>>> print(open('input-v1.cif').read())   # mmCIF, C-alpha atoms
data_run
loop_
_atom_site.label_atom_id
_atom_site.label_comp_id
_atom_site.auth_asym_id
_atom_site.auth_seq_id
_atom_site.Cartn_x
_atom_site.Cartn_y
_atom_site.Cartn_z
CA TRP A 216 62.21 -4.70 -6.67
CA ARG A 217 61.42 -1.56 -8.52
CA ALA A 218 63.45 0.32 -11.05
CA ALA A 219 65.03 3.47 -9.68
CA SER A 220 65.37 6.54 -11.84
CA ARG A 221 68.69 6.36 -13.63
CA SER A 222 70.61 7.79 -16.52
CA PRO A 223 70.45 5.88 -19.83
CA THR A 224 73.93 4.43 -19.23
CA GLN A 225 73.15 3.01 -15.79
CA ARG A 226 71.82 -0.50 -15.34
CA PRO A 227 68.71 -1.06 -13.25
CA ARG A 228 69.38 -2.54 -9.82
CA VAL A 229 69.11 -6.29 -9.60
CA PRO A 230 67.74 -7.89 -6.44
CA ARG A 231 70.53 -9.48 -4.40
CA SER A 232 70.53 -12.34 -1.99
CA SER A 233 73.94 -11.53 -0.51
CA ASP A 234 74.77 -8.82 2.00
CA SER A 235 77.11 -6.70 -0.06
CA GLY A 236 76.38 -3.24 1.24
CA ASP A 237 75.92 -0.53 -1.36
CA GLU A 238 78.04 -2.18 -4.06
CA GLU A 239 76.31 -2.76 -7.39
CA ALA A 240 76.41 -6.19 -8.97
CA THR A 241 78.67 -6.39 -12.00
CA HIS A 242 77.88 -9.98 -13.02
CA MET A 243 75.59 -12.84 -12.15
CA LEU A 244 77.05 -16.31 -11.60
CA LEU A 245 74.71 -19.10 -12.64
CA TYR A 246 75.95 -22.46 -11.38
CA LEU A 247 74.55 -25.27 -13.53
CA ASN A 248 74.31 -28.82 -12.19
CA THR A 249 71.56 -31.41 -11.73
CA SER A 250 70.06 -29.36 -8.89
CA THR A 251 69.66 -26.19 -10.98
CA TRP A 252 66.10 -25.37 -12.07
CA VAL A 253 64.54 -28.01 -9.79
CA GLY A 254 62.88 -27.88 -6.39
CA ASP A 255 61.39 -25.10 -4.34
CA GLY A 256 63.89 -22.44 -5.40
CA ALA A 257 63.53 -22.98 -9.16
CA GLU A 258 61.02 -20.18 -9.78
CA ALA A 259 62.92 -17.74 -7.57
CA LEU A 260 66.11 -18.54 -9.52
CA ALA A 261 64.27 -18.01 -12.80
CA GLU A 262 63.06 -14.60 -11.58
CA GLN A 263 66.60 -13.61 -10.58
CA VAL A 264 67.91 -14.62 -14.01
CA ARG A 265 65.09 -12.71 -15.74
CA ALA A 266 65.88 -9.62 -13.65
CA ALA A 267 69.60 -9.89 -14.48
CA ARG A 268 68.82 -10.23 -18.19
CA ARG A 269 66.46 -7.22 -18.09
CA ALA A 270 69.25 -5.27 -16.39
CA ARG A 271 71.67 -6.47 -19.09
CA LEU A 272 73.91 -7.82 -16.35
CA PRO A 273 76.47 -10.28 -17.77
CA ILE A 274 75.64 -13.82 -16.70
CA ALA A 275 78.64 -16.09 -16.28
CA MET A 276 77.52 -19.71 -16.38
CA ALA A 277 79.49 -22.44 -14.63
CA HIS A 278 78.58 -25.87 -16.03
CA GLU A 279 79.49 -28.53 -13.50
CA ASN A 280 80.92 -31.66 -15.12
CA ASP A 281 82.17 -33.41 -11.97
CA ALA A 282 79.75 -36.20 -11.01
CA VAL A 283 80.72 -35.82 -7.34
CA ARG A 284 79.38 -32.25 -7.53
CA ASN A 285 76.18 -33.31 -9.35
CA GLY A 286 77.58 -32.56 -12.79
CA CYS A 287 75.65 -33.56 -15.89
CA ILE A 288 75.62 -33.21 -19.66
CA PHE A 289 74.67 -29.75 -20.89
CA GLY A 290 71.66 -31.09 -22.78
CA HIS A 291 69.96 -31.68 -19.42
CA PHE A 292 69.44 -27.92 -19.03
CA PHE A 293 67.33 -27.74 -22.19
CA GLU A 294 64.90 -30.11 -20.46
CA VAL A 295 64.61 -28.26 -17.13
CA THR A 296 65.25 -24.56 -17.85
CA PRO A 297 62.11 -22.39 -18.11
CA ARG A 298 61.20 -22.11 -21.80
CA ASP A 299 61.09 -18.31 -21.83
CA LEU A 300 64.73 -18.15 -20.71
CA ILE A 301 65.80 -20.58 -23.43
CA ALA A 302 63.83 -18.66 -26.05
CA ASP A 303 65.33 -15.39 -24.81
CA GLY A 304 68.84 -16.74 -25.52
CA LEU A 305 70.14 -17.58 -22.06
CA TYR A 306 72.32 -20.35 -23.48
CA HIS A 307 73.60 -18.44 -26.53
CA ASP A 308 76.77 -17.63 -24.60
CA LEU A 309 79.07 -20.49 -23.73
CA ALA A 310 79.16 -21.80 -20.19
CA VAL A 311 82.52 -22.42 -18.54
CA GLY A 312 82.98 -26.15 -18.01
CA CYS A 313 83.92 -26.97 -14.43
CA HIS A 314 85.95 -30.17 -14.54
CA SER A 315 87.39 -32.35 -11.79
CA GLY A 316 90.90 -33.36 -10.87
CA PRO A 317 93.86 -31.50 -12.29
CA HIS A 318 91.61 -29.45 -14.58
CA ARG A 319 89.60 -27.89 -11.72
CA GLN A 320 92.02 -25.01 -11.15
CA VAL A 321 91.98 -24.12 -14.86
CA SER A 322 88.16 -24.26 -14.82
CA LEU A 323 88.03 -21.89 -11.86
CA ALA A 324 90.53 -19.52 -13.46
CA LEU A 325 88.43 -19.39 -16.64
CA LEU A 326 85.34 -18.78 -14.56
CA ALA A 327 87.09 -15.96 -12.69
CA GLN A 328 87.96 -14.37 -16.05
CA ALA A 329 84.32 -14.66 -17.13
CA LEU A 330 83.45 -12.75 -13.96
CA GLY A 331 85.89 -9.98 -14.86
CA ALA A 332 89.05 -11.06 -13.04
CA THR A 333 92.38 -10.00 -14.49
CA LYS A 334 95.95 -10.69 -13.46
CA GLN A 335 96.02 -7.23 -11.87
CA THR A 336 92.84 -7.82 -9.81
CA ALA A 337 94.11 -11.26 -8.78
CA GLN A 338 97.40 -9.78 -7.55
CA SER A 339 95.52 -7.06 -5.68
CA ARG A 340 93.27 -9.66 -4.05
CA MET A 341 96.30 -11.76 -3.11
CA ARG A 342 97.86 -8.73 -1.37
CA GLN A 343 94.61 -8.11 0.52
CA VAL A 344 94.30 -11.73 1.60
CA THR A 345 97.97 -11.86 2.61
CA ALA A 346 97.55 -8.70 4.69
CA LEU A 347 94.47 -10.16 6.33
CA ALA A 348 96.26 -13.44 7.09
CA LEU A 349 99.16 -11.54 8.65
CA THR A 350 96.78 -9.39 10.68
CA LEU A 351 94.91 -12.44 11.95
CA ARG A 352 98.21 -13.95 13.06
CA GLY A 353 99.00 -10.82 15.01
CA SER A 354 101.82 -9.68 12.74
CA SER A 355 102.40 -5.96 12.63
CA SER A 356 104.87 -6.04 9.75
CA MET A 357 104.07 -6.53 6.09
CA THR A 358 106.60 -9.17 5.13
CA GLU A 359 106.52 -11.74 2.38
CA PRO A 360 104.26 -14.66 3.33
CA SER A 361 105.86 -17.89 4.43
CA ASN A 362 104.97 -21.20 2.80
CA ASP A 363 102.17 -21.67 5.34
CA ASP A 364 100.74 -18.27 4.39
CA ASP A 365 100.76 -19.26 0.72
CA VAL A 366 98.37 -22.10 1.52
CA VAL A 367 96.01 -19.72 3.35
CA VAL A 368 96.17 -17.23 0.47
CA GLU A 369 95.51 -19.89 -2.18
CA ALA A 370 92.56 -21.33 -0.25
CA SER A 371 91.05 -17.91 0.38
CA ALA A 372 91.53 -16.75 -3.20
CA THR A 373 89.91 -19.91 -4.51
CA GLN A 374 86.95 -19.50 -2.20
CA THR A 375 86.31 -15.92 -3.30
CA VAL A 376 85.99 -17.01 -6.93
#
>>> encode(input="input-v1.cif", output="structure tokens")
Amino acid sequence: WRAASRSPTQRPRVPRSSDSGDEEATHMLLYLNTSTWVGDGAEALAEQVRAARRARLPIAMAHENDAVRNGCIFGHFFEVTPRDLIADGLYHDLAVGCHSGPHRQVSLALLAQALGATKQTAQSRMRQVTALALTLRGSSSMTEPSNDDDVVVEASATQTV
């Protein structure tokens, strides 16, 4: 990518792998587990992280602790992360620990906050997802969701985090 001309308060554009239209990235999510920084995509990931750091884009790190999801101790990342990223302070900020079982929902909520979510944005998203669920069911009225709709809303909201 190349830096576009911008005012001093604007961040440079960061290359994106998702199809998000014209929306600018506000954060980068770096998911850390045993598969991070290894394999064919390791250098591409490192370049994306470097670009995000140059753009001063906040990087929210999710440290997977669940063994089923390839979780590991945090010290592992000091062995596999490119040295320049470590020296540049990538790990100075705390990563959000992603735990299993009953703690998973709390982990995801903390991660959502690290990505800028607030109670207000969560409520807005819930209204959007509820409206979408009702539309998909062919409902033309905006009524309160039934118990079945709550399950759809919770699953969708969790997946968007």
>>> residues_around(input="input-v1.cif", residues="Ile288 (chain A)", least_positions_apart="6", cutoff="9 Å", atoms="all atoms listed in the file", output="mmCIF file with C-alpha atoms, in the coordinates of the input")
data_model
loop_
_atom_site.group_PDB
_atom_site.id
_atom_site.type_symbol
_atom_site.label_atom_id
_atom_site.label_comp_id
_atom_site.auth_asym_id
_atom_site.auth_seq_id
_atom_site.Cartn_x
_atom_site.Cartn_y
_atom_site.Cartn_z
ATOM 1 C CA ASN A 248 74.310 -28.820 -12.190
ATOM 2 C CA HIS A 278 78.580 -25.870 -16.030
ATOM 3 C CA GLU A 279 79.490 -28.530 -13.500
ATOM 4 C CA ASN A 280 80.920 -31.660 -15.120
#
>>> closest_residue(input="input-v1.cif", among="A:Ala346, A:Met276, A:Met341, A:Leu325", to="Leu245 (chain A)", atoms="all atoms listed in the file")
A:Met276
>>> residues_around(input="input-v1.cif", residues="Val295 (chain A)", least_positions_apart="6", cutoff="12 Å", atoms="all atoms listed in the file", output="list in words")
Leu247, Asn248, Thr249, Ser250, Thr251, Trp252, Val253, Gly254, Ala257, Glu258, Ala261, Phe289 and Ile301 of chain A
>>> atom_distance(input="input-v1.cif", atom1="CA of Pro273 (chain A)", atom2="CA of Glu294 (chain A)")
23.1 Å
>>> atom_distance(input="input-v1.cif", atom1="CA of Ala329 (chain A)", atom2="CA of Arg265 (chain A)")
19.4 Å
>>> atom_distance(input="input-v1.cif", atom1="CA of Asp299 (chain A)", atom2="CA of Glu238 (chain A)")
29.4 Å
>>> resolve_selection(input="input-v1.cif", expression="the PyMOL selection byres ((chain A and resi 328) around 12)", output="count of residues only")
23
